[in-house]
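K.L.:
What follows is coords_14.cif, made up of mmCIF, C-alpha atoms:
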```cif
data_protein
#
loop_
_atom_site.label_atom_id
_atom_site.label_comp_id
_atom_site.auth_asym_id
_atom_site.auth_seq_id
_atom_site.Cartn_x
_atom_site.Cartn_y
_atom_site.Cartn_z
CA MET A 2 110.87 36.99 50.89
CA LYS A 3 112.98 37.90 53.89
CA ARG A 4 114.98 40.35 51.73
CA ILE A 5 111.75 42.04 50.55
CA ILE A 6 110.50 42.46 54.12
CA THR A 7 113.84 43.85 55.22
CA THR A 8 113.87 46.32 52.34
CA ALA A 9 110.33 47.41 53.11
CA ALA A 10 111.19 47.88 56.80
CA ALA A 11 114.22 49.94 55.90
CA GLY A 12 112.09 52.10 53.62
CA ALA A 13 109.54 52.68 56.38
CA LEU A 14 112.33 53.57 58.80
CA ALA A 15 113.75 56.06 56.33
CA LEU A 16 110.34 57.67 55.93
CA GLY A 17 110.09 57.88 59.69
CA TRP A 18 113.45 59.62 59.86
CA ALA A 19 112.36 62.04 57.16
CA ALA A 20 109.14 62.87 58.99
CA SER A 21 111.10 63.32 62.22
CA ALA A 22 113.55 65.64 60.49
CA LEU A 23 110.70 67.83 59.29
CA ALA A 24 109.23 68.15 62.80
CA GLU A 25 110.40 71.10 64.87
CA LYS A 26 110.45 71.61 68.63
CA TRP A 27 110.38 75.05 70.24
CA ASP A 28 111.14 75.63 73.92
CA MET A 29 108.97 78.40 75.38
CA PRO A 30 110.17 80.05 78.63
CA LEU A 31 107.45 81.46 80.89
CA ALA A 32 107.98 83.65 83.96
CA TYR A 33 105.03 82.53 86.09
CA PRO A 34 104.00 79.28 87.83
CA ALA A 35 102.41 76.49 85.81
CA THR A 36 99.13 77.04 87.69
CA ASN A 37 98.95 80.75 86.79
CA PHE A 38 96.32 81.46 84.13
CA HIS A 39 98.93 83.04 81.83
CA SER A 40 100.95 79.82 81.89
CA GLU A 41 97.81 77.74 81.41
CA THR A 42 96.83 79.90 78.43
CA ALA A 43 100.30 79.43 76.94
CA ALA A 44 100.09 75.65 77.47
CA ALA A 45 96.72 75.54 75.68
CA PHE A 46 98.18 77.63 72.86
CA ALA A 47 101.11 75.20 72.55
CA GLU A 48 98.76 72.23 72.43
CA ALA A 49 96.64 73.91 69.74
CA VAL A 50 99.76 74.49 67.62
CA LYS A 51 100.88 70.88 67.97
CA LYS A 52 97.42 69.59 67.07
CA GLY A 53 96.90 72.06 64.24
CA THR A 54 100.24 71.23 62.63
CA GLY A 55 99.89 67.48 63.16
CA GLY A 56 102.99 67.54 65.35
CA LYS A 57 105.07 69.35 62.74
CA LEU A 58 105.67 72.14 65.27
CA GLU A 59 105.79 71.24 68.96
CA ILE A 60 106.03 74.02 71.54
CA VAL A 61 107.18 72.94 75.02
CA THR A 62 106.40 75.39 77.82
CA HIS A 63 108.82 75.95 80.72
CA PRO A 64 106.92 77.86 83.47
CA GLY A 65 108.16 79.49 86.65
CA GLY A 66 111.35 80.92 85.16
CA SER A 67 112.75 77.39 84.95
CA LEU A 68 114.43 77.83 81.56
CA PHE A 69 115.13 81.58 81.66
CA LYS A 70 114.25 83.99 84.45
CA GLY A 71 111.62 86.61 83.70
CA GLY A 72 114.18 89.34 83.14
CA GLU A 73 116.13 87.15 80.70
CA ILE A 74 113.30 85.98 78.45
CA PHE A 75 113.04 88.92 76.04
CA ARG A 76 116.76 88.85 75.32
CA ALA A 77 116.68 85.07 74.96
CA VAL A 78 113.98 85.28 72.29
CA ARG A 79 115.56 88.26 70.61
CA THR A 80 118.93 86.52 70.28
CA GLY A 81 117.47 83.16 69.29
CA GLN A 82 118.40 81.32 72.49
CA ALA A 83 114.69 80.55 72.71
CA PRO A 84 112.47 80.76 69.62
CA ILE A 85 109.40 81.87 71.57
CA GLY A 86 108.65 83.20 75.04
CA GLU A 87 106.56 85.37 77.34
CA ARG A 88 107.33 88.78 78.82
CA LEU A 89 105.48 91.46 80.76
CA ILE A 90 105.30 94.35 78.28
CA SER A 91 105.89 97.15 80.77
CA ALA A 92 109.02 95.44 82.12
CA LEU A 93 110.77 96.44 78.89
CA GLY A 94 110.62 100.17 79.59
CA ASN A 95 114.42 100.36 79.55
CA GLU A 96 114.29 99.14 75.92
CA ASP A 97 111.88 101.85 74.76
CA ALA A 98 109.47 104.25 76.45
CA LEU A 99 106.56 102.90 74.39
CA PHE A 100 106.64 99.68 76.43
CA GLU A 101 105.95 101.70 79.61
CA LEU A 102 102.50 102.69 78.33
CA ASP A 103 101.20 99.38 79.60
CA GLY A 104 101.99 100.33 83.20
CA LEU A 105 100.84 103.95 83.45
CA PRO A 106 98.61 104.28 86.53
CA PHE A 107 94.97 105.20 86.01
CA LEU A 108 95.14 105.63 82.23
CA ALA A 109 93.15 102.43 81.56
CA THR A 110 91.48 101.04 84.69
CA SER A 111 89.00 98.43 83.40
CA TYR A 112 89.12 95.45 81.06
CA ASP A 113 87.27 97.40 78.38
CA GLU A 114 89.68 100.34 78.61
CA ALA A 115 92.73 98.06 78.76
CA LYS A 116 91.61 96.25 75.60
CA LYS A 117 91.10 99.58 73.83
CA LEU A 118 94.56 100.73 74.91
CA TYR A 119 96.03 97.49 73.58
CA GLU A 120 94.29 97.87 70.24
CA ALA A 121 95.35 101.53 70.04
CA SER A 122 98.98 100.60 70.68
CA LYS A 123 99.21 97.58 68.37
CA PRO A 124 100.58 99.34 65.26
CA GLU A 125 103.41 101.05 67.14
CA LEU A 126 104.02 98.08 69.45
CA GLY A 127 104.20 95.61 66.58
CA ALA A 128 106.58 97.80 64.60
CA LEU A 129 108.79 98.37 67.65
CA LEU A 130 109.05 94.66 68.39
CA GLU A 131 109.86 93.81 64.78
CA SER A 132 112.63 96.40 64.81
CA LYS A 133 114.13 94.40 67.68
CA GLY A 134 113.91 91.10 65.82
CA VAL A 135 110.77 89.65 67.39
CA LYS A 136 107.13 89.35 66.41
CA LEU A 137 104.08 89.78 68.65
CA LEU A 138 101.79 86.75 68.66
CA TYR A 139 99.31 87.66 71.38
CA ALA A 140 98.91 89.50 74.69
CA VAL A 141 96.71 88.93 77.74
CA ALA A 142 95.90 91.35 80.56
CA TRP A 143 96.44 90.72 84.24
CA PRO A 144 93.56 91.51 86.61
CA PRO A 145 93.53 95.13 87.89
CA GLN A 146 96.45 96.11 90.11
CA GLY A 147 96.09 96.79 93.82
CA LEU A 148 98.35 97.83 96.70
CA TYR A 149 99.73 95.16 99.08
CA THR A 150 100.94 96.43 102.46
CA LYS A 151 101.78 95.15 105.91
CA LYS A 152 100.12 98.10 107.63
CA PRO A 153 97.01 100.22 106.99
CA ILE A 154 97.56 102.97 104.40
CA ASN A 155 95.34 106.04 104.41
CA SER A 156 97.34 108.26 102.04
CA ALA A 157 100.48 108.20 99.94
CA ALA A 158 102.35 109.82 102.84
CA ASP A 159 101.96 106.56 104.79
CA MET A 160 104.18 104.86 102.20
CA LYS A 161 107.23 106.99 103.02
CA GLY A 162 110.29 104.82 103.57
CA VAL A 163 108.48 101.55 102.79
CA LYS A 164 110.54 99.02 100.78
CA PHE A 165 108.50 98.63 97.60
CA ARG A 166 108.79 95.83 95.05
CA ALA A 167 109.16 97.34 91.57
CA TYR A 168 109.05 95.26 88.40
CA ASN A 169 109.47 98.00 85.80
CA GLN A 170 110.36 101.67 85.50
CA ALA A 171 106.74 102.75 86.02
CA THR A 172 106.40 100.98 89.38
CA ALA A 173 109.80 102.31 90.44
CA ARG A 174 108.68 105.86 89.61
CA LEU A 175 105.37 105.28 91.39
CA ALA A 176 107.28 104.25 94.50
CA GLU A 177 109.43 107.37 94.32
CA LEU A 178 106.39 109.65 94.00
CA MET A 179 104.89 108.01 97.10
CA GLY A 180 108.14 108.36 99.04
CA ALA A 181 108.67 104.57 99.09
CA ILE A 182 111.97 102.84 98.30
CA PRO A 183 111.81 100.86 95.02
CA THR A 184 113.56 97.50 94.71
CA LYS A 185 113.61 95.53 91.43
CA ILE A 186 112.17 92.06 92.06
CA GLU A 187 110.97 89.53 89.47
CA ALA A 188 107.77 87.54 89.98
CA ALA A 189 109.53 84.27 90.82
CA GLU A 190 111.43 86.04 93.64
CA ILE A 191 108.48 87.74 95.37
CA SER A 192 107.95 85.27 98.22
CA GLN A 193 111.64 85.22 99.11
CA ALA A 194 111.87 89.01 98.96
CA PHE A 195 108.93 89.50 101.31
CA SER A 196 109.99 86.72 103.68
CA THR A 197 113.47 88.22 104.06
CA GLY A 198 112.29 91.83 104.40
CA VAL A 199 113.78 92.97 101.08
CA ALA A 200 110.24 94.06 100.14
CA GLU A 201 107.36 95.20 102.35
CA SER A 202 104.82 96.38 99.80
CA MET A 203 103.98 96.26 96.10
CA ILE A 204 101.29 97.05 93.57
CA SER A 205 100.21 93.94 91.72
CA SER A 206 97.17 91.87 90.85
CA GLY A 207 95.24 89.51 93.06
CA SER A 208 96.65 86.77 90.84
CA THR A 209 100.26 87.50 91.77
CA GLY A 210 99.35 87.77 95.44
CA TYR A 211 97.59 84.43 95.30
CA ASP A 212 100.46 82.70 93.47
CA SER A 213 102.98 84.10 95.96
CA LYS A 214 100.80 83.53 99.07
CA LEU A 215 101.23 87.19 100.00
CA TRP A 216 98.90 86.72 103.00
CA GLU A 217 101.90 85.16 104.74
CA PHE A 218 103.75 88.49 104.57
CA THR A 219 101.18 91.28 104.12
CA LYS A 220 97.79 92.01 105.68
CA TYR A 221 96.14 94.53 103.35
CA TRP A 222 95.24 94.68 99.67
CA TYR A 223 93.75 97.95 98.46
CA ASP A 224 91.69 97.42 95.31
CA THR A 225 92.90 100.50 93.44
CA ASN A 226 92.23 99.30 89.85
CA ALA A 227 95.43 101.16 89.02
CA TRP A 228 96.05 99.55 85.64
CA LEU A 229 95.87 96.19 83.84
CA PRO A 230 99.34 95.30 82.55
CA LYS A 231 99.72 92.65 79.87
CA ASN A 232 101.97 89.71 79.21
CA MET A 233 102.86 89.16 75.58
CA ILE A 234 103.94 86.06 73.74
CA ILE A 235 106.65 86.88 71.21
CA VAL A 236 108.50 84.81 68.64
CA ASN A 237 111.98 85.26 67.22
CA LYS A 238 111.52 86.82 63.77
CA ALA A 239 114.04 84.55 62.05
CA ALA A 240 112.40 81.47 63.57
CA TRP A 241 109.01 82.75 62.44
CA ASP A 242 110.20 83.48 58.90
CA ALA A 243 111.62 79.95 58.68
CA LEU A 244 108.14 78.44 59.14
CA ASP A 245 106.12 77.61 56.04
CA LYS A 246 102.94 79.58 55.38
CA ALA A 247 100.62 76.77 56.49
CA THR A 248 102.38 76.49 59.86
CA GLN A 249 102.38 80.26 60.32
CA ASP A 250 98.62 80.27 59.71
CA VAL A 251 98.07 77.61 62.37
CA VAL A 252 100.19 79.54 64.90
CA THR A 253 98.40 82.81 64.10
CA LYS A 254 94.98 81.18 64.58
CA ALA A 255 96.07 79.52 67.84
CA ALA A 256 97.46 82.85 69.07
CA ALA A 257 94.19 84.69 68.34
CA ASP A 258 92.23 81.98 70.16
CA ALA A 259 94.64 82.09 73.12
CA GLU A 260 94.36 85.87 73.36
CA LYS A 261 90.58 85.74 73.44
CA ALA A 262 90.49 82.91 75.98
CA GLY A 263 93.18 84.53 78.14
CA TRP A 264 91.37 87.86 78.45
CA ALA A 265 88.12 86.07 79.32
CA LYS A 266 89.90 83.94 81.95
CA SER A 267 91.59 86.98 83.48
CA GLU A 268 88.28 88.77 83.91
CA GLU A 269 86.60 85.64 85.24
CA LEU A 270 89.32 85.14 87.86
CA ALA A 271 89.63 88.78 89.00
CA ASN A 272 86.99 88.52 91.74
CA TRP A 273 87.95 84.95 92.60
CA TYR A 274 91.49 86.05 93.47
CA LYS A 275 90.11 88.76 95.76
CA GLU A 276 88.00 86.14 97.52
CA GLN A 277 91.05 83.93 98.01
CA LEU A 278 93.02 86.78 99.56
CA LYS A 279 90.12 87.41 101.96
CA ALA A 280 89.75 83.69 102.72
CA ASN A 281 93.40 83.61 103.75
CA GLY A 282 93.00 86.45 106.24
CA MET A 283 93.81 89.56 104.24
CA THR A 284 91.80 92.77 104.48
CA VAL A 285 90.60 93.57 100.96
CA GLU A 286 89.03 96.98 100.51
CA PRO A 287 88.98 100.03 98.20
CA PRO A 288 91.49 102.81 98.87
CA SER A 289 90.46 105.67 101.16
CA ALA A 290 89.41 108.93 99.52
CA PRO A 291 92.78 110.59 100.32
CA LEU A 292 94.75 107.62 98.93
CA ALA A 293 92.61 107.50 95.79
CA ALA A 294 93.15 111.24 95.28
CA ASP A 295 96.90 110.86 95.79
CA PHE A 296 97.02 108.04 93.27
CA LYS A 297 95.06 110.08 90.73
CA THR A 298 97.56 112.94 91.08
CA ILE A 299 100.51 110.55 90.78
CA GLY A 300 98.94 108.93 87.71
CA ALA A 301 98.52 112.31 85.99
CA THR A 302 102.13 113.21 86.77
CA MET A 303 103.43 109.92 85.39
CA THR A 304 101.36 110.20 82.21
CA GLU A 305 102.69 113.70 81.54
CA GLU A 306 106.25 112.54 82.18
CA TRP A 307 105.76 109.59 79.86
CA LEU A 308 104.29 111.68 77.04
CA ALA A 309 107.30 113.98 77.25
CA LYS A 310 109.75 111.12 76.61
CA ALA A 311 107.62 108.82 74.43
CA GLY A 312 107.63 111.24 71.53
CA ASP A 313 105.25 111.23 68.58
CA ALA A 314 104.62 107.48 68.74
CA GLY A 315 103.42 107.68 72.33
CA LYS A 316 101.28 110.73 71.70
CA ALA A 317 99.68 109.05 68.69
CA VAL A 318 98.74 105.98 70.74
CA VAL A 319 97.19 107.99 73.59
CA ALA A 320 95.30 110.21 71.17
CA ARG A 321 93.96 107.12 69.34
CA PHE A 322 92.98 105.50 72.65
CA LYS A 323 91.07 108.57 73.84
CA LYS A 324 89.02 108.60 70.63
CA MET A 325 87.89 104.98 71.07
#
```
Could I get this structure in the form of structure tokens?
P.N.:
Amino acid sequence: MKRIITTAAAGALALGWAASALAEKWDMPLAYPATNFHSETAAAFAEAVKKGTGGKLEIVTHPGGSLFKGGEIFRAVRTGQAPIGERLISALGNEDALFELDGLPFLATSYDEAKKLYEASKPELGALLESKGVKLLYAVAWPPQGLYTKKPINSAADMKGVKFRAYNQATARLAELMGAIPTKIEAAEISQAFSTGVAESMISSGSTGYDSKLWEFTKYWYDTNAWLPKNMIIVNKAAWDALDKATQDVVTKAAADAEKAGWAKSEELANWYKEQLKANGMTVEPPSAPLAADFKTIGATMTEEWLAKAGDAGKAVVARFKKM
């Protein structure tokens, strides 16, 4: 009897090992704090995948640049160091001009327009990413971008010589056209950069200002609605291809749900972030007429420059967007 029980226990243990061997764990680096809505959306996505696959695929999120810094994540996913991860699309402008579309000022200035631009760009964006060995799962917009400054700004001329935090080629070019001095700074380094004087101004969302407690370093936020950049969740193509069809279907469904929920959460929080900036002593107001006019001119210049280097793919996307 004892021998039978022992044999049965061994069989159960072997089955357990087999089940464990079939399970897969993916580490997912994220650039923003755990409390940021992008990170929360990613965590909900990961939980949906685990539940939908019955634990066969477990995705573990690592927020705040704790596993890879923001600027390292795309390469990490592309090379297979991480099977899945998050990256700001427009931060990849040095990879291909098409990525910069997401950060062109005043091309898409509302959630509706930003969603249309995303849909218009999906064919080219998806093909570009796959050519680099990764697959797009979903993307979520940030709230509209505004200008953070330490001093009042009435026109672009007031930005001359100001140290400006840039996070992609578009924001660096924007700084140059304003006469500011661009400095590349990732999201996780914003507070340190402002506290040490490396940066004095930036264009970013109310969300980023709230996460970084920008009211400790700046006094003004001009609600310019400049653009709505997006974060995308990408997966290493080889890792994706190694999944069985049933698991892929679960991940695809979870990604679609996360995208929908993320966009809704972003729009819901947009005004709340503004209120938090005000509550912490910042002056939150629309840009003056001269500043708005300057930004419109700068936006037109940047769009023309981008179209000249983006080629047929870029022109096709913009033309498709304008017909929507």
K.L.:
Where does the PyMOL selection byres ((chain A and resi 220-237) around 8) land in this file, that is, which residues does it pick, as a ChimeraX atom specification?
P.N.:
/A:39,78-81,83-91,103-112,115,134-153,216,218-219,238-241,282-288,293
K.L.:
What lies within 10 Å of segment 254-256 of chain A using all atoms listed in the file, ignoring chain neighbours under 6 positions off, as number ranges by chain?
P.N.:
A: 42-43, 45-51, 53, 137-140, 234, 248, 262
K.L.:
Tell me, in Å to one decimal, how far atom CA of Phe69 of chain A is from atom CA of Ala44 of chain A.
P.N.:
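That distance, rounded to one decimal, is 16.7 Å.
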K.L.:
Point out the residue among A:Gly71, A:Gly263, A:Gly210, A:Pro124 with the least atom-to-atom distance to Ile186 of chain A, counting all atoms listed in the file.
P.N.:
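Closest to Ile186 of chain A, using all atoms listed in the file: A:Gly71.
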K.L.:
For a test of reading the model, state the distance in Å between atom CA of Ala257 of chain A and atom CA of Glu120 of chain A, rounded to one decimal.
P.N.:
13.3 Å
K.L.:
Could you tell me how far atom CA of Asp113 of chain A lies from atom CA of Gly207 of chain A, in Å and to one decimal?
P.N.:
18.5 Å
K.L.:
Nearest to Asn95 of chain A: which of A:Val252, A:Leu178, A:Ile191, A:Ala171 is it, counting all atoms listed in the file?
P.N.:
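Nearest to Asn95 of chain A: A:Ala171.
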